[in-house]
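Reading through the structure tokens given below for one structure.
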2 protein chains.
Amino acid sequence: MSQTTVSLVLSGKAVGRISEPTAEAVRRAARDLGYRPNAAARALRSGSAAAVGLVVRDVTHPFFGRTLRGAQRAAREMGHVVVLIDDGAAVADGAAEILREGTVDGFLFFTTDPPTSLRAPGAPPFVLIENEQSRLPFVRLDVEAGTDAALAHLHDLGHEQIGYVRSAVGGQTFDRRHARWEAHLRAHGQEPAQQVTVFSAFDADSTIAAGRELLTHPRRPPAVLCDDDVLASGLLAAADELGVRVPQEVAVVGFDDLDIARLTHPPLTTVHFDPEALGAAAFELLYARLQGKRPRNRVLPSELVIRGSTVAAEPDAGGLSLDAPGHG
Amino acid sequence: MSQTTVSLVLSGKAVGRISEPTAEAVRRAARDLGYRPNAAARALRSGSAAAVGLVVRDVTHPFFGRTLRGAQRAAREMGHVVVLIDDGAAVADGAAEILREGTVDGFLFFTTDPPTSLRAPGAPPFVLIENEQSRLPFVRLDVEAGTDAALAHLHDLGHEQIGYVRSAVGGQTFDRRHARWEAHLRAHGQEPAQQVTVFSAFDADSTIAAGRELLTHPRRPPAVLCDDDVLASGLLAAADELGVRVPQEVAVVGFDDLDIARLTHPPLTTVHFDPEALGAAAFELLYARLQGKRPRNRVLPSELVIRGSTVAAEPDAGGLSLDAPGHG
DNA sequence: GTACCAGCGTACTACGTATTACTGCGCAGG
DNA sequence: CCTGCGCAGTAATACGTAGTACGCTGGTAC
């Protein structure tokens, strides 16, 4: 039983080359001995590491974490492994180096700025997450539809002025959301520049400070769009502290439908996305490209979930039965 | 300039073997050409993949995410890479296989049950996080001191009965915490079995349901210890829904000092830990073991942070200035 | 009876690195 | 003038796999 025979059998290329009894013997021996082909040797010989890098701005944020999980599970199914790279500054260099070393076969970029070096000809395969670029492969959420649904909901409630807690961190997600907000206001005869807008990072201090700033503004709006649920939570915490009643005095909408959206006071109306699916789709796209295919980009759907931060609970409802899927 | 010469120079083993002019020429050429040694070949030859696996129960939980980040940064400093494995069921098999394939050199286990197969003789190097086992290397938090500080705080406030929202997921962290809670009660003439205790998973539905259960209990306790901030948030959300005032009617303490602890209503008194340091320490321990050393296990400190969920804010304080480091 | 072919395996090589053993050379000591 | 030794560098090898090309055997066609 030569080494070649073993390789052929175990890689499933034995058809018509190796007789079934021999193949079976090989398989049994491999099982009994607990044999696993060596990853390094395989990578060296085949030129593929069976690994992809995921570059993410901040693993700490639940949305990123869930995306990571989705990507990791999809990768595992295809026998691939996910290498995490979480580091604001050094991302560009780090990623490029790791790739040149052949540690990974390609990248998933969930950051605002993928290294421009990767756009050079002969660049390695990669997929952008929530970052649509002309002629580059990407996977993204249908932020536009989700934002429109949220704005329509606020409009239905009679709110004309709509304030905005924006992410201080840049990103296409936020830009696209902002564009829909502007469009909505203009379509209803409002001037976007007239609306109260504040910026915030994602840590607790920043979100609360931004919330205070917005709520104490002389032209405090009756409704506020927040770039995500974390920012919305900060706004709610600030409202609580300042004694501003939600939703009676201010209606609040977040995005992402994180767990935290159910835990706030009141529970948060938000736009639901599926980060696990986003991560999985991103891996699948990259995997297809590694196979030399040209898969189509993907846009994943959204759904508005209405809770207590926009619609007051019945005074004596005594329950938390506000959850209802909206139109999405 | 032979291949050997290049290898010697770039790996820093050129002293006394290669003349300085030659070495310098090699270094410059490497830089100009952007040469990076191939990871697979290096791994194959040296037997080390310069990669470690991190097995984590749930990347979605912020504490895990931050630990992951800490480990990843420490690994990067030593030129290592972190492979993420997040998968409840398949962890044991998956991890063992990946290791036998040589994809990683060792593991960091942040789970309740590391595969028992790894305890066999000839087992690969690994480090347990928050899971102390006799004769196995580990890194953990000083949960005991943190819990004692929290309990002392509640005692100082005059609370004798102390309810408990426990994690439905097992884990040594929670067991050790529970033991201190029992000890504290007994030391003050209370019977642990008499206390109201509920269990909860970490998703929003579970935490809120558990909170409701505890708060509607006929012998509702005046103070509650929660196994972490996420569970405490659910309790606060339930209190809010049921109109139970915190801290006047129920005082609440959480653990971990996650961002969410600043965002709840009221802000959460909690025990602060440093998950990034935990992750970094875990990697450092593993790295030392990979070098053949026998590093000492590490126990990282805790600190009680007192906020509004145990001590009411001044009625007209008008600010959020309650934060204060406690003893711990 | 020879030529050919299919069926089944196996020797050999390359992948890029780290390491070991070796070579060539100049110089000092005897 | 020969021996020996230290310096500078190189040839050769092994790591474990995937793939290619080859070899052997037995049967069939002419």
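To be explicit about the labels: the chains of the structure tokens are called A, B, and onward in the order shown, and within each one the residues are counted from 1, while ligands get numbers from 1 in the order they are shown.
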
Exercise for review: Could the residues of chain B within 9 Å of chain C, counting only C-alpha atoms (C1' of nucleotides), be given as a list in words, please?
Suggested key: Thr4, Ser7, Leu8, Pro37, Asn38, Ala39, Ala40, Ala41, Arg42, Ala43, Leu44, Arg45 and Ser46 of chain B

**Study point:** For A:Val253: contacts at 6 Å, only C-alpha atoms (C1' of nucleotides), fewer than 6 positions along chain excluded, given as a list in words
**Key:** Leu225, Thr269 and Thr270 of chain A

Practice item. Identify all residues of stretch 107-225 of chain A in strand (DSSP E) (DSSP on the backbone) and supply them as an MDAnalysis selection string. Key: chainID A and resid 107:110 126:129 138:141 162:167 197:200 223:225

Point to revise | One-decimal distance in Å that lies between atom CA of A:Leu157 and atom CA of A:His188 | key: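 Taking atom CA of A:His188 and atom CA of A:Leu157, their separation equals 14.0 Å.
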
Exercise for review: Mind the document's chain letters and residue numbers, and return as a PyMOL selection string the residues of stretch 6-238 of chain A that DSSP labels alpha helix (DSSP H).
Suggested key: chain A and resi 6-10+20-33+39-46+62-77+91-100+143-156+172-187+204-215+229-238

Review point. Which of these residues is nearest to chain A, using only C-alpha atoms: B:Val127, B:Ala25, B:Val311, B:Ala51?
Key: B:Ala51

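In this model, the gap between atom CA of B:Ile306 and atom CA of A:Leu214 comes to 27.0 Å.
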
Point to revise | Nearest residue to chain B from the set A:Asp205, A:Asp228, A:Asp142, A:Asp32 (distances using only C-alpha atoms) | key: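 Residue with the minimum atom-to-atom distance to chain B: A:Asp205.
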
Chain D near chain B within 7 Å: what's each residue's closest atom pair and its distance in Å to one decimal, counting only C-alpha atoms (C1' of nucleotides), ordered by chain then ascending residue number, as CSV?
residue,atom,partner,partner_atom,distance
D:DA8,C1',B:Ile18,CA,6.0
D:DT10,C1',B:Ser2,CA,6.5
D:DC15,C1',B:Arg45,CA,4.7

Check your understanding: Taking only C-alpha atoms into account, what are the residues of chain B at most 7 Å from chain A, put as a PyMOL selection string?
Key -> chain B and resi 36-41+43-44+59-60+62+65-66+69+81-84+86+100-103+203-204+233-234+237+240+259+262-265

Output of the above residues as an mmCIF file, in the first residue's frame, restricted to C-alpha atoms:
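Output file result.cif follows:
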data_model
loop_
_atom_site.group_PDB
_atom_site.id
_atom_site.type_symbol
_atom_site.label_atom_id
_atom_site.label_comp_id
_atom_site.auth_asym_id
_atom_site.auth_seq_id
_atom_site.Cartn_x
_atom_site.Cartn_y
_atom_site.Cartn_z
ATOM 1 C CA ARG B 36 7.778 36.906 2.866
ATOM 2 C CA PRO B 37 8.605 33.350 3.846
ATOM 3 C CA ASN B 38 5.833 30.943 2.975
ATOM 4 C CA ALA B 39 3.833 30.006 6.020
ATOM 5 C CA ALA B 40 2.935 26.516 4.855
ATOM 6 C CA ALA B 41 6.497 25.538 4.011
ATOM 7 C CA ALA B 43 5.059 25.099 9.165
ATOM 8 C CA LEU B 44 5.824 21.882 7.356
ATOM 9 C CA VAL B 59 -18.532 34.877 20.163
ATOM 10 C CA THR B 60 -21.680 36.889 20.371
ATOM 11 C CA PRO B 62 -19.358 40.739 24.578
ATOM 12 C CA GLY B 65 -15.535 38.996 22.104
ATOM 13 C CA ARG B 66 -13.273 41.117 24.229
ATOM 14 C CA ARG B 69 -9.572 40.489 20.932
ATOM 15 C CA VAL B 81 -2.415 33.988 14.217
ATOM 16 C CA VAL B 82 -5.682 33.099 15.936
ATOM 17 C CA VAL B 83 -8.113 30.641 14.446
ATOM 18 C CA LEU B 84 -11.605 30.958 15.792
ATOM 19 C CA ASP B 86 -17.212 28.895 17.759
ATOM 20 C CA ARG B 100 -4.145 16.641 14.445
ATOM 21 C CA GLU B 101 -3.993 18.267 11.065
ATOM 22 C CA GLY B 102 -1.415 20.647 12.421
ATOM 23 C CA THR B 103 -3.439 23.707 11.494
ATOM 24 C CA ASP B 203 -30.593 35.644 24.981
ATOM 25 C CA ALA B 204 -33.017 38.500 25.520
ATOM 26 C CA SER B 233 -30.066 43.711 32.210
ATOM 27 C CA GLY B 234 -32.861 41.255 31.671
ATOM 28 C CA ALA B 237 -35.978 45.142 31.878
ATOM 29 C CA ASP B 240 -39.247 48.087 34.415
ATOM 30 C CA ASP B 259 -20.783 48.448 28.158
ATOM 31 C CA ARG B 262 -23.782 51.802 31.768
ATOM 32 C CA LEU B 263 -26.809 51.743 29.519
ATOM 33 C CA THR B 264 -29.376 50.100 31.723
ATOM 34 C CA HIS B 265 -32.016 51.854 33.722
#

Write out as a PDB file with N, CA and C atoms, in the first residue's frame the residues lying within 9 Å of A:Pro247, counting only C-alpha atoms (C1' of nucleotides) and excluding same-chain residues fewer than 5 positions away.
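Result file follows (part.pdb):
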ATOM      1  N   PRO A 222     -39.244  65.255  17.738  1.00  0.00           N
ATOM      2  CA  PRO A 222     -40.204  64.307  18.321  1.00  0.00           C
ATOM      3  C   PRO A 222     -39.861  62.857  17.992  1.00  0.00           C
ATOM      4  N   ALA A 223     -38.964  62.676  17.052  1.00  0.00           N
ATOM      5  CA  ALA A 223     -38.582  61.316  16.657  1.00  0.00           C
ATOM      6  C   ALA A 223     -37.105  61.299  16.299  1.00  0.00           C
ATOM      7  N   VAL A 252     -38.093  56.633  19.309  1.00  0.00           N
ATOM      8  CA  VAL A 252     -36.732  56.229  18.961  1.00  0.00           C
ATOM      9  C   VAL A 252     -36.734  54.961  18.110  1.00  0.00           C
ATOM     10  N   PRO A 266     -37.982  51.950  27.080  1.00  0.00           N
ATOM     11  CA  PRO A 266     -38.764  50.771  26.691  1.00  0.00           C
ATOM     12  C   PRO A 266     -38.035  49.961  25.625  1.00  0.00           C
ATOM     13  N   GLY A 308     -41.793  49.183  21.933  1.00  0.00           N
ATOM     14  CA  GLY A 308     -42.279  50.282  22.757  1.00  0.00           C
ATOM     15  C   GLY A 308     -41.592  51.635  22.600  1.00  0.00           C
ATOM     16  N   SER A 309     -40.496  51.715  21.893  1.00  0.00           N
ATOM     17  CA  SER A 309     -39.814  52.999  21.813  1.00  0.00           C
ATOM     18  C   SER A 309     -40.436  53.936  20.776  1.00  0.00           C
ATOM     19  N   THR A 310     -41.406  53.411  20.018  1.00  0.00           N
ATOM     20  CA  THR A 310     -42.116  54.305  19.097  1.00  0.00           C
ATOM     21  C   THR A 310     -43.612  54.304  19.376  1.00  0.00           C
ATOM     22  N   VAL A 311     -44.118  53.186  19.896  1.00  0.00           N
ATOM     23  CA  VAL A 311     -45.547  53.073  20.148  1.00  0.00           C
ATOM     24  C   VAL A 311     -45.744  52.715  21.616  1.00  0.00           C
ATOM     25  N   ALA A 312     -46.484  53.572  22.343  1.00  0.00           N
ATOM     26  CA  ALA A 312     -46.657  53.331  23.771  1.00  0.00           C
ATOM     27  C   ALA A 312     -47.460  52.064  24.011  1.00  0.00           C
TER      28      ALA A 312
END

Check your understanding: Which value, in Å to one decimal, gives the distance between atom CA of A:Arg186 and atom CA of A:Thr216?
Key -> 25.1 Å

Which neighbours of stretch 179-184 of chain A fall inside 7 Å, counting only C-alpha atoms (C1' of nucleotides), when residues of the same chain fewer than 3 positions from it are skipped, and could you give them as a CSV table (one decimal) with C-alpha atoms, in the first residue's frame?
chain,number,residue,atom,x,y,z
A,144,GLU,CA,-32.3,51.2,2.1
A,147,THR,CA,-34.5,52.6,6.6
A,148,ASP,CA,-37.5,53.4,4.4
A,175,ASP,CA,-23.9,56.7,4.5
A,176,ARG,CA,-26.7,54.8,2.7
A,187,ALA,CA,-40.0,64.1,-0.1
A,188,HIS,CA,-42.1,65.4,2.8
A,192,PRO,CA,-32.4,67.7,6.3
